[in-house]
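Novice: Input structure: my_file.pdb, which contains PDB, C-alpha atoms.
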ATOM      1  CA  MET A   1     -16.570  17.744  -0.299  1.00  0.00           C
ATOM      2  CA  GLY A   2     -17.965  15.818   2.673  1.00  0.00           C
ATOM      3  CA  THR A   3     -18.094  17.185   6.190  1.00  0.00           C
ATOM      4  CA  CYS A   4     -16.771  15.695   9.423  1.00  0.00           C
ATOM      5  CA  ASP A   5     -19.001  17.416  11.936  1.00  0.00           C
ATOM      6  CA  THR A   6     -21.980  15.048  12.212  1.00  0.00           C
ATOM      7  CA  VAL A   7     -21.598  11.372  13.047  1.00  0.00           C
ATOM      8  CA  ILE A   8     -24.416   9.024  12.070  1.00  0.00           C
ATOM      9  CA  GLU A   9     -24.333   5.334  13.061  1.00  0.00           C
ATOM     10  CA  GLY A  10     -20.645   5.190  13.874  1.00  0.00           C
ATOM     11  CA  HIS A  11     -17.822   6.978  12.155  1.00  0.00           C
ATOM     12  CA  LEU A  12     -15.403   6.546   9.280  1.00  0.00           C
ATOM     13  CA  VAL A  13     -11.662   6.229   9.799  1.00  0.00           C
ATOM     14  CA  LEU A  14      -8.710   6.106   7.394  1.00  0.00           C
ATOM     15  CA  VAL A  15      -6.140   3.594   8.644  1.00  0.00           C
ATOM     16  CA  VAL A  16      -3.178   1.424   7.712  1.00  0.00           C
ATOM     17  CA  PRO A  17      -4.031  -2.173   8.666  1.00  0.00           C
ATOM     18  CA  VAL A  18      -1.517  -4.109  10.795  1.00  0.00           C
ATOM     19  CA  PRO A  19      -2.494  -7.769  10.304  1.00  0.00           C
ATOM     20  CA  GLN A  20       0.551  -9.005  12.273  1.00  0.00           C
ATOM     21  CA  LEU A  21      -1.174  -7.895  15.499  1.00  0.00           C
ATOM     22  CA  GLU A  22      -4.737  -8.828  14.527  1.00  0.00           C
ATOM     23  CA  ASP A  23      -5.093 -11.800  16.893  1.00  0.00           C
ATOM     24  CA  PHE A  24      -3.981  -9.791  19.928  1.00  0.00           C
ATOM     25  CA  VAL A  25      -6.019  -6.659  19.168  1.00  0.00           C
ATOM     26  CA  LEU A  26      -9.088  -8.706  18.255  1.00  0.00           C
ATOM     27  CA  GLU A  27      -8.909 -10.522  21.616  1.00  0.00           C
ATOM     28  CA  ARG A  28      -8.595  -7.210  23.501  1.00  0.00           C
ATOM     29  CA  THR A  29     -11.501  -5.750  21.485  1.00  0.00           C
ATOM     30  CA  ARG A  30     -13.638  -8.739  22.507  1.00  0.00           C
ATOM     31  CA  HIS A  31     -12.571  -8.190  26.132  1.00  0.00           C
ATOM     32  CA  TYR A  32     -13.665  -4.551  26.208  1.00  0.00           C
ATOM     33  CA  ASP A  33     -16.679  -4.425  23.865  1.00  0.00           C
ATOM     34  CA  ASP A  34     -17.467  -7.286  21.526  1.00  0.00           C
ATOM     35  CA  SER A  35     -19.987  -5.095  19.678  1.00  0.00           C
ATOM     36  CA  PHE A  36     -16.920  -3.711  17.871  1.00  0.00           C
ATOM     37  CA  VAL A  37     -15.787  -7.158  16.692  1.00  0.00           C
ATOM     38  CA  SER A  38     -16.319  -7.187  12.947  1.00  0.00           C
ATOM     39  CA  THR A  39     -17.734 -10.083  10.971  1.00  0.00           C
ATOM     40  CA  ASP A  40     -16.271  -8.529   7.787  1.00  0.00           C
ATOM     41  CA  SER A  41     -13.338 -10.761   6.766  1.00  0.00           C
ATOM     42  CA  THR A  42     -11.552  -7.773   5.172  1.00  0.00           C
ATOM     43  CA  PHE A  43     -11.705  -5.680   8.350  1.00  0.00           C
ATOM     44  CA  VAL A  44      -8.465  -5.507  10.365  1.00  0.00           C
ATOM     45  CA  HIS A  45      -8.965  -4.468  14.003  1.00  0.00           C
ATOM     46  CA  ALA A  46      -5.225  -3.811  14.454  1.00  0.00           C
ATOM     47  CA  HIS A  47      -4.348  -0.603  12.648  1.00  0.00           C
ATOM     48  CA  ILE A  48      -2.530   2.709  12.694  1.00  0.00           C
ATOM     49  CA  THR A  49      -5.010   5.564  12.368  1.00  0.00           C
ATOM     50  CA  LEU A  50      -4.203   8.138   9.714  1.00  0.00           C
ATOM     51  CA  LEU A  51      -7.288  10.344  10.000  1.00  0.00           C
ATOM     52  CA  ALA A  52     -10.304  10.079  12.291  1.00  0.00           C
ATOM     53  CA  PRO A  53     -13.031  11.005  12.269  1.00  0.00           C
ATOM     54  CA  TRP A  54     -13.311  11.269   8.508  1.00  0.00           C
ATOM     55  CA  VAL A  55     -16.219  12.556   6.418  1.00  0.00           C
ATOM     56  CA  VAL A  56     -19.688  11.267   7.280  1.00  0.00           C
ATOM     57  CA  ALA A  57     -20.819  10.550   3.713  1.00  0.00           C
ATOM     58  CA  PRO A  58     -17.829  10.541   1.357  1.00  0.00           C
ATOM     59  CA  THR A  59     -18.383  11.741  -2.174  1.00  0.00           C
ATOM     60  CA  ALA A  60     -16.700  10.365  -5.285  1.00  0.00           C
ATOM     61  CA  THR A  61     -14.369  13.377  -5.078  1.00  0.00           C
ATOM     62  CA  ASP A  62     -13.459  12.526  -1.469  1.00  0.00           C
ATOM     63  CA  LEU A  63     -12.651   8.926  -2.437  1.00  0.00           C
ATOM     64  CA  ALA A  64     -10.589  10.117  -5.407  1.00  0.00           C
ATOM     65  CA  LEU A  65      -8.560  12.407  -3.129  1.00  0.00           C
ATOM     66  CA  VAL A  66      -7.684   9.467  -0.862  1.00  0.00           C
ATOM     67  CA  ALA A  67      -6.744   7.413  -3.932  1.00  0.00           C
ATOM     68  CA  GLU A  68      -4.452  10.230  -5.048  1.00  0.00           C
ATOM     69  CA  VAL A  69      -2.712  10.396  -1.647  1.00  0.00           C
ATOM     70  CA  ALA A  70      -2.282   6.608  -1.652  1.00  0.00           C
ATOM     71  CA  SER A  71      -0.892   6.581  -5.200  1.00  0.00           C
ATOM     72  CA  ARG A  72       1.787   9.140  -4.269  1.00  0.00           C
ATOM     73  CA  THR A  73       3.038   7.002  -1.359  1.00  0.00           C
ATOM     74  CA  SER A  74       5.174   3.917  -1.911  1.00  0.00           C
ATOM     75  CA  PRO A  75       4.640   0.907   0.370  1.00  0.00           C
ATOM     76  CA  PHE A  76       7.066   0.930   3.308  1.00  0.00           C
ATOM     77  CA  ASP A  77       8.310  -1.327   6.087  1.00  0.00           C
ATOM     78  CA  PHE A  78       8.093  -0.568   9.789  1.00  0.00           C
ATOM     79  CA  VAL A  79       8.669  -2.325  13.108  1.00  0.00           C
ATOM     80  CA  LEU A  80       6.494  -2.371  16.219  1.00  0.00           C
ATOM     81  CA  GLU A  81       8.383  -3.246  19.390  1.00  0.00           C
ATOM     82  CA  GLU A  82       8.100  -0.819  22.294  1.00  0.00           C
ATOM     83  CA  VAL A  83       4.930  -0.634  24.383  1.00  0.00           C
ATOM     84  CA  GLY A  84       4.106   2.856  25.589  1.00  0.00           C
ATOM     85  CA  ALA A  85       1.288   4.565  27.472  1.00  0.00           C
ATOM     86  CA  PHE A  86      -0.524   7.788  26.636  1.00  0.00           C
ATOM     87  CA  PRO A  87      -1.613  10.059  29.516  1.00  0.00           C
ATOM     88  CA  ASP A  88      -5.204   8.782  29.161  1.00  0.00           C
ATOM     89  CA  GLY A  89      -4.044   5.208  29.896  1.00  0.00           C
ATOM     90  CA  THR A  90      -4.122   3.895  26.326  1.00  0.00           C
ATOM     91  CA  LEU A  91      -1.356   1.321  25.828  1.00  0.00           C
ATOM     92  CA  TYR A  92       0.169   1.326  22.366  1.00  0.00           C
ATOM     93  CA  LEU A  93       2.963   0.290  20.056  1.00  0.00           C
ATOM     94  CA  GLY A  94       4.631   3.090  18.108  1.00  0.00           C
ATOM     95  CA  PRO A  95       5.955   2.321  14.623  1.00  0.00           C
ATOM     96  CA  ASP A  96       9.621   2.720  13.734  1.00  0.00           C
ATOM     97  CA  PRO A  97       9.919   4.720  11.596  1.00  0.00           C
ATOM     98  CA  ALA A  98       6.916   6.904  12.392  1.00  0.00           C
ATOM     99  CA  THR A  99       7.644   9.562   9.766  1.00  0.00           C
ATOM    100  CA  PRO A 100       5.868   7.845   6.835  1.00  0.00           C
ATOM    101  CA  PHE A 101       2.659   7.638   8.884  1.00  0.00           C
ATOM    102  CA  ALA A 102       2.959  11.293   9.912  1.00  0.00           C
ATOM    103  CA  SER A 103       3.478  12.186   6.243  1.00  0.00           C
ATOM    104  CA  LEU A 104       0.360  10.266   5.203  1.00  0.00           C
ATOM    105  CA  THR A 105      -1.665  11.987   7.923  1.00  0.00           C
ATOM    106  CA  ALA A 106      -0.343  15.396   6.841  1.00  0.00           C
ATOM    107  CA  ALA A 107      -1.272  14.691   3.211  1.00  0.00           C
ATOM    108  CA  LEU A 108      -4.774  13.594   4.204  1.00  0.00           C
ATOM    109  CA  VAL A 109      -5.249  16.644   6.447  1.00  0.00           C
ATOM    110  CA  ALA A 110      -4.148  18.862   3.539  1.00  0.00           C
ATOM    111  CA  ALA A 111      -6.758  17.139   1.340  1.00  0.00           C
ATOM    112  CA  PHE A 112      -9.452  17.283   4.063  1.00  0.00           C
ATOM    113  CA  PRO A 113      -8.796  20.369   6.222  1.00  0.00           C
ATOM    114  CA  GLN A 114     -12.368  20.151   7.533  1.00  0.00           C
ATOM    115  CA  CYS A 115     -11.355  16.887   9.292  1.00  0.00           C
ATOM    116  CA  PRO A 116      -8.631  17.647  11.843  1.00  0.00           C
ATOM    117  CA  PRO A 117      -7.140  14.501  13.416  1.00  0.00           C
ATOM    118  CA  TYR A 118      -9.137  13.421  16.469  1.00  0.00           C
ATOM    119  CA  GLY A 119     -11.402  16.429  15.992  1.00  0.00           C
ATOM    120  CA  GLY A 120      -8.477  18.701  16.886  1.00  0.00           C
ATOM    121  CA  ARG A 121      -8.412  17.482  20.500  1.00  0.00           C
ATOM    122  CA  PHE A 122      -4.777  16.388  20.368  1.00  0.00           C
ATOM    123  CA  GLU A 123      -1.859  15.987  18.018  1.00  0.00           C
ATOM    124  CA  PRO A 124      -1.791  12.706  16.128  1.00  0.00           C
ATOM    125  CA  VAL A 125       0.901  10.231  17.183  1.00  0.00           C
ATOM    126  CA  PRO A 126       1.221   7.153  14.941  1.00  0.00           C
ATOM    127  CA  HIS A 127       0.445   4.046  17.003  1.00  0.00           C
ATOM    128  CA  VAL A 128      -1.405   0.748  17.273  1.00  0.00           C
ATOM    129  CA  THR A 129      -3.681   0.675  20.317  1.00  0.00           C
ATOM    130  CA  VAL A 130      -3.161  -2.648  22.117  1.00  0.00           C
ATOM    131  CA  ASP A 131      -4.833  -2.222  25.535  1.00  0.00           C
ATOM    132  CA  HIS A 132      -5.810   0.207  28.301  1.00  0.00           C
ATOM    133  CA  VAL A 133      -4.883   0.548  31.952  1.00  0.00           C
ATOM    134  CA  ALA A 134      -8.601   0.757  32.840  1.00  0.00           C
ATOM    135  CA  GLY A 135      -8.756  -2.961  32.112  1.00  0.00           C
ATOM    136  CA  GLY A 136      -5.963  -3.681  34.583  1.00  0.00           C
ATOM    137  CA  ALA A 137      -3.204  -3.850  31.984  1.00  0.00           C
ATOM    138  CA  THR A 138       0.203  -2.238  32.416  1.00  0.00           C
ATOM    139  CA  VAL A 139       3.058  -1.588  30.037  1.00  0.00           C
ATOM    140  CA  ALA A 140       4.871  -4.592  31.528  1.00  0.00           C
ATOM    141  CA  SER A 141       1.891  -6.964  31.415  1.00  0.00           C
ATOM    142  CA  THR A 142       1.091  -5.935  27.840  1.00  0.00           C
ATOM    143  CA  ARG A 143       4.706  -6.413  26.780  1.00  0.00           C
ATOM    144  CA  SER A 144       4.641  -9.867  28.371  1.00  0.00           C
ATOM    145  CA  ALA A 145       1.303 -10.763  26.746  1.00  0.00           C
ATOM    146  CA  LEU A 146       2.619  -9.734  23.331  1.00  0.00           C
ATOM    147  CA  GLY A 147       5.703 -11.900  24.000  1.00  0.00           C
ATOM    148  CA  PRO A 148       6.992 -13.535  20.838  1.00  0.00           C
ATOM    149  CA  THR A 149       4.817 -11.304  18.634  1.00  0.00           C
ATOM    150  CA  LEU A 150       7.382  -8.537  19.140  1.00  0.00           C
ATOM    151  CA  PRO A 151       9.207  -7.190  17.374  1.00  0.00           C
ATOM    152  CA  ALA A 152       6.511  -7.214  14.704  1.00  0.00           C
ATOM    153  CA  ARG A 153       7.991  -6.572  11.275  1.00  0.00           C
ATOM    154  CA  CYS A 154       5.271  -5.012   9.163  1.00  0.00           C
ATOM    155  CA  ARG A 155       4.623  -3.506   5.760  1.00  0.00           C
ATOM    156  CA  ALA A 156       2.291  -0.616   5.090  1.00  0.00           C
ATOM    157  CA  ASP A 157       0.793  -1.451   1.717  1.00  0.00           C
ATOM    158  CA  ARG A 158      -2.645   0.188   1.726  1.00  0.00           C
ATOM    159  CA  ILE A 159      -4.991   2.754   3.195  1.00  0.00           C
ATOM    160  CA  SER A 160      -8.246   1.269   4.431  1.00  0.00           C
ATOM    161  CA  LEU A 161     -11.466   3.189   4.947  1.00  0.00           C
ATOM    162  CA  GLN A 162     -13.226   1.565   7.891  1.00  0.00           C
ATOM    163  CA  ARG A 163     -16.611   2.201   9.471  1.00  0.00           C
ATOM    164  CA  TYR A 164     -16.697   1.807  13.254  1.00  0.00           C
ATOM    165  CA  ALA A 165     -20.156   1.213  14.682  1.00  0.00           C
ATOM    166  CA  ASN A 166     -21.600  -1.127  17.284  1.00  0.00           C
ATOM    167  CA  HIS A 167     -22.337  -4.412  15.496  1.00  0.00           C
ATOM    168  CA  GLY A 168     -21.381  -2.782  12.204  1.00  0.00           C
ATOM    169  CA  CYS A 169     -17.600  -2.471  11.866  1.00  0.00           C
ATOM    170  CA  ARG A 170     -16.615  -3.041   8.255  1.00  0.00           C
ATOM    171  CA  THR A 171     -14.222  -2.115   5.487  1.00  0.00           C
ATOM    172  CA  VAL A 172     -15.742   0.437   3.125  1.00  0.00           C
ATOM    173  CA  ALA A 173     -12.885   0.848   0.599  1.00  0.00           C
ATOM    174  CA  GLU A 174      -9.148   0.298   0.234  1.00  0.00           C
ATOM    175  CA  TRP A 175      -6.403   1.871  -1.837  1.00  0.00           C
ATOM    176  CA  ALA A 176      -3.033   0.244  -2.506  1.00  0.00           C
ATOM    177  CA  LEU A 177      -0.060   2.452  -1.738  1.00  0.00           C
ATOM    178  CA  GLY A 178       1.909   3.383  -4.853  1.00  0.00           C
ATOM    179  CA  ALA A 179      -0.818   2.159  -7.221  1.00  0.00           C
TER     180      ALA A 179
END
Taking this structure as input, can you express it in the form of structure tokens?
Specialist:
Amino acid sequence: MGTCDTVIEGHLVLVVPVPQLEDFVLERTRHYDDSFVSTDSTFVHAHITLLAPWVVAPTATDLALVAEVASRTSPFDFVLEEVGAFPDGTLYLGPDPATPFASLTAALVAAFPQCPPYGGRFEPVPHVTVDHVAGGATVASTRSALGPTLPARCRADRISLQRYANHGCRTVAEWALGA
């Protein structure tokens, strides 16, 4: 099984894409660091992270384990509406319900115990990152900027394996939920 301890040219992340917020998150990504804007048409910048960082060089066994977790999870609906702020200033939207995301993360952690969420620095909280106070944004200004986008009614239908690297963000693989 792959290891999570060495990062080479970016890192791999398992996410649920949230295409309903892609335009907003893509614009904010450009604002902060356009080297993370992907030219891969399958890459979705707006996402809910399930497990990061993930293995550096996934094996066929690693990929099969993710496929197994995805196959055991039916697609589900969720809503994004309330803007919140983490203590570090990250502005986010939390999904309602959050439990299916927490369950997916728990299943992936059970499959990959060598890859604790966020390197074990903090407990995972399902969310879509939408901005940061360091850029002058506030909860109120972000809520206003999202305006008619919210509430965003979404469907989790796949797990996406994404590589994040300067000038190299791309989708590596995807697994349909319930397939």
Novice: Find, counting all atoms listed in the file, the residue in A:Leu150, A:Leu63, A:Cys169, A:Val128 that gets nearest to Gly10 of chain A.
Specialist: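 Among the listed residues, the smallest separation from Gly10 of chain A belongs to A:Cys169.
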Novice: Of the candidates A:Val66, A:His127, A:Pro58, A:Tyr32, which shows the shortest atom-to-atom distance to His11 of chain A, using all atoms listed in the file?
Specialist: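 So, comparing all the options, the nearest one is A:Pro58.
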Novice: Suppose you want the space between atom CA of Trp54 of chain A and atom CA of Ser103 of chain A; what is it in Å?
Specialist: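 Atom CA of Ser103 of chain A lies at a distance of 17.0 Å from atom CA of Trp54 of chain A.
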Novice: Apply the PyMOL selection byres ((chain A and resi 44) around 10) to the displayed file and report the matching residues as a PyMOL selection string.
Specialist: chain A and resi 15-23+25-26+37-38+40-43+45-47+160+162+169-171
Novice: For Pro75 of chain A, please output as a list in words all residues within 6 Å (counting only C-alpha atoms; exclusion window: fewer than 5 positions along the same chain).
Specialist: Ala156, Asp157 and Leu177 of chain A
Novice: With C-alpha atoms retained, export the selected residues as a compact mmCIF listing (two decimals), keeping the file's coordinate frame.
Specialist:
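New file result.txt:
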# COMPACT_ATOMS: atom_id res chain seq x y z
CA ALA A 156 2.29 -0.62 5.09
CA ASP A 157 0.79 -1.45 1.72
CA LEU A 177 -0.06 2.45 -1.74
Novice: To verify the selection step, state as a list in words which residues the PyMOL selection byres ((chain A and resi 96) around 6) yields on this input.
Specialist: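 Here the PyMOL selection byres ((chain A and resi 96) around 6) matches Phe78, Val79, Pro95, Pro97 and Ala98 of chain A.
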Novice: Contacts of Gly89 of chain A at 12 Å or less, counting only C-alpha atoms, minus same-chain residues fewer than 4 places along, as a PyMOL selection string?
Specialist: chain A and resi 84-85+129-139
Novice: Please return as a short mmCIF file (atom, residue, chain, number, x, y, z; two decimals) with C-alpha atoms, in the frame of the given file every residue within 10 Å of (-12.1, 17.6, -0.3), taking into account only C-alpha atoms and the file's own coordinates.
Specialist:
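Below you can see part_3.cif, which holds the result:
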data_model
loop_
_atom_site.label_atom_id
_atom_site.label_comp_id
_atom_site.auth_asym_id
_atom_site.auth_seq_id
_atom_site.Cartn_x
_atom_site.Cartn_y
_atom_site.Cartn_z
CA MET A 1 -16.57 17.74 -0.30
CA GLY A 2 -17.96 15.82 2.67
CA THR A 3 -18.09 17.18 6.19
CA VAL A 55 -16.22 12.56 6.42
CA PRO A 58 -17.83 10.54 1.36
CA THR A 59 -18.38 11.74 -2.17
CA ALA A 60 -16.70 10.36 -5.28
CA THR A 61 -14.37 13.38 -5.08
CA ASP A 62 -13.46 12.53 -1.47
CA LEU A 63 -12.65 8.93 -2.44
CA ALA A 64 -10.59 10.12 -5.41
CA LEU A 65 -8.56 12.41 -3.13
CA VAL A 66 -7.68 9.47 -0.86
CA LEU A 108 -4.77 13.59 4.20
CA VAL A 109 -5.25 16.64 6.45
CA ALA A 110 -4.15 18.86 3.54
CA ALA A 111 -6.76 17.14 1.34
CA PHE A 112 -9.45 17.28 4.06
CA PRO A 113 -8.80 20.37 6.22
CA GLN A 114 -12.37 20.15 7.53
CA CYS A 115 -11.36 16.89 9.29
#
Novice: Between A:Leu104, A:Ala152, A:Leu91, A:Ala145, which has the minimum distance to Leu14 of chain A (counting only C-alpha atoms)?
Specialist: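 Among A:Leu104, A:Ala152, A:Leu91, A:Ala145, it is A:Leu104 that comes nearest to Leu14 of chain A.
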Novice: Could you please determine the separation between atom CA of Ala70 of chain A and atom CA of Val56 of chain A in Å, to one decimal place?
Specialist: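 Taking atom CA of Ala70 of chain A as the start and atom CA of Val56 of chain A as the end point, the length is 20.1 Å.
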Novice: Of the candidates A:Asn166, A:Leu51, A:Gly94, A:Phe76, which shows the shortest atom-to-atom distance to Thr29 of chain A, using all atoms listed in the file?
Specialist: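 Closest to Thr29 of chain A of all the choices is A:Asn166.
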Novice: Looking at A:Gly168, A:Pro100, A:Pro116, A:Pro124, which one is nearest to Arg155 of chain A, with distances taken over all atoms listed in the file?
Specialist: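 Going through A:Gly168, A:Pro100, A:Pro116, A:Pro124 one by one, the smallest distance to Arg155 of chain A is for A:Pro100.
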Novice: For atom CA of Ala165 of chain A and atom CA of Arg28 of chain A, determine how far apart the two atoms are, in Å to one decimal place.
Specialist: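 So the two atoms, atom CA of Ala165 of chain A and atom CA of Arg28 of chain A, lie 16.8 Å apart.
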Novice: Can you sort out the box for segment 106-120 of chain A, edges along x, y and z, all listed atoms in, 8 Å on every side, with centre and edge lengths in Å to one decimal, as AutoDock Vina command-line options?
Specialist:
--center_x -6.4 --center_y 16.9 --center_z 9.1 --size_x 28.0 --size_y 22.9 --size_z 31.5
Novice: From the options A:Glu68, A:Asp33, A:Glu27, A:Glu81, which residue's atoms come nearest to Leu93 of chain A, counting all atoms listed in the file?
Specialist: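 Of A:Glu68, A:Asp33, A:Glu27, A:Glu81, the one nearest Leu93 of chain A is A:Glu81, counting all atoms listed in the file.
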Novice: Go through the shown structure with the PyMOL selection byres ((chain A and resi 53) around 6) and write out the matching residues as a list of chain:residue names.
Specialist: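 The output of the PyMOL selection byres ((chain A and resi 53) around 6) on this file is A:Leu12, A:Val13, A:Ala52, A:Trp54.
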Novice: Could segment 54-63 of chain A be completed with all heavy atoms and returned as an mmCIF file, keeping the file's coordinate frame?
Specialist:
data_model
loop_
_atom_site.group_PDB
_atom_site.id
_atom_site.type_symbol
_atom_site.label_atom_id
_atom_site.label_comp_id
_atom_site.auth_asym_id
_atom_site.auth_seq_id
_atom_site.Cartn_x
_atom_site.Cartn_y
_atom_site.Cartn_z
ATOM 1 N N TRP A 54 -13.352 10.816 9.897
ATOM 2 C CA TRP A 54 -13.311 11.269 8.508
ATOM 3 C C TRP A 54 -14.714 11.688 8.104
ATOM 4 O O TRP A 54 -15.628 11.668 8.932
ATOM 5 C CB TRP A 54 -12.752 10.156 7.610
ATOM 6 C CG TRP A 54 -12.344 10.652 6.256
ATOM 7 C CD1 TRP A 54 -11.522 11.716 5.981
ATOM 8 C CD2 TRP A 54 -12.744 10.132 4.995
ATOM 9 N NE1 TRP A 54 -11.385 11.878 4.628
ATOM 10 C CE2 TRP A 54 -12.131 10.919 4.004
ATOM 11 C CE3 TRP A 54 -13.566 9.075 4.612
ATOM 12 C CZ2 TRP A 54 -12.308 10.686 2.642
ATOM 13 C CZ3 TRP A 54 -13.733 8.835 3.266
ATOM 14 C CH2 TRP A 54 -13.109 9.631 2.287
ATOM 15 N N VAL A 55 -14.922 12.033 6.868
ATOM 16 C CA VAL A 55 -16.219 12.556 6.418
ATOM 17 C C VAL A 55 -17.354 11.570 6.686
ATOM 18 O O VAL A 55 -17.151 10.360 6.679
ATOM 19 C CB VAL A 55 -16.184 12.961 4.934
ATOM 20 C CG1 VAL A 55 -15.187 14.073 4.692
ATOM 21 C CG2 VAL A 55 -15.889 11.787 4.037
ATOM 22 N N VAL A 56 -18.529 12.085 6.936
ATOM 23 C CA VAL A 56 -19.688 11.267 7.280
ATOM 24 C C VAL A 56 -20.187 10.488 6.066
ATOM 25 O O VAL A 56 -20.452 9.300 6.145
ATOM 26 C CB VAL A 56 -20.817 12.149 7.863
ATOM 27 C CG1 VAL A 56 -22.073 11.340 8.088
ATOM 28 C CG2 VAL A 56 -20.355 12.793 9.154
ATOM 29 N N ALA A 57 -20.317 11.172 4.947
ATOM 30 C CA ALA A 57 -20.819 10.550 3.713
ATOM 31 C C ALA A 57 -19.881 10.943 2.580
ATOM 32 O O ALA A 57 -20.078 11.955 1.914
ATOM 33 C CB ALA A 57 -22.246 11.009 3.426
ATOM 34 N N PRO A 58 -18.817 10.157 2.364
ATOM 35 C CA PRO A 58 -17.829 10.541 1.357
ATOM 36 C C PRO A 58 -18.415 10.581 -0.057
ATOM 37 O O PRO A 58 -19.224 9.736 -0.432
ATOM 38 C CB PRO A 58 -16.753 9.466 1.464
ATOM 39 C CG PRO A 58 -17.269 8.418 2.360
ATOM 40 C CD PRO A 58 -18.492 8.916 3.036
ATOM 41 N N THR A 59 -17.990 11.593 -0.777
ATOM 42 C CA THR A 59 -18.383 11.741 -2.174
ATOM 43 C C THR A 59 -17.354 11.036 -3.055
ATOM 44 O O THR A 59 -16.285 10.632 -2.574
ATOM 45 C CB THR A 59 -18.433 13.229 -2.561
ATOM 46 O OG1 THR A 59 -17.092 13.754 -2.471
ATOM 47 C CG2 THR A 59 -19.365 14.028 -1.637
ATOM 48 N N ALA A 60 -17.658 10.930 -4.333
ATOM 49 C CA ALA A 60 -16.700 10.365 -5.285
ATOM 50 C C ALA A 60 -15.419 11.203 -5.295
ATOM 51 O O ALA A 60 -14.312 10.659 -5.414
ATOM 52 C CB ALA A 60 -17.314 10.290 -6.682
ATOM 53 N N THR A 61 -15.546 12.498 -5.130
ATOM 54 C CA THR A 61 -14.369 13.377 -5.078
ATOM 55 C C THR A 61 -13.526 13.080 -3.845
ATOM 56 O O THR A 61 -12.295 13.027 -3.919
ATOM 57 C CB THR A 61 -14.805 14.863 -5.086
ATOM 58 O OG1 THR A 61 -15.540 15.109 -6.290
ATOM 59 C CG2 THR A 61 -13.614 15.799 -4.998
ATOM 60 N N ASP A 62 -14.185 12.866 -2.697
ATOM 61 C CA ASP A 62 -13.459 12.526 -1.469
ATOM 62 C C ASP A 62 -12.664 11.235 -1.659
ATOM 63 O O ASP A 62 -11.486 11.157 -1.296
ATOM 64 C CB ASP A 62 -14.422 12.333 -0.295
ATOM 65 C CG ASP A 62 -15.147 13.607 0.103
ATOM 66 O OD1 ASP A 62 -14.586 14.702 -0.072
ATOM 67 O OD2 ASP A 62 -16.292 13.489 0.603
ATOM 68 N N LEU A 63 -13.316 10.219 -2.220
ATOM 69 C CA LEU A 63 -12.651 8.926 -2.437
ATOM 70 C C LEU A 63 -11.496 9.066 -3.418
ATOM 71 O O LEU A 63 -10.430 8.461 -3.222
ATOM 72 C CB LEU A 63 -13.665 7.890 -2.913
ATOM 73 C CG LEU A 63 -14.821 7.609 -1.941
ATOM 74 C CD1 LEU A 63 -15.837 6.677 -2.582
ATOM 75 C CD2 LEU A 63 -14.328 7.067 -0.619
#
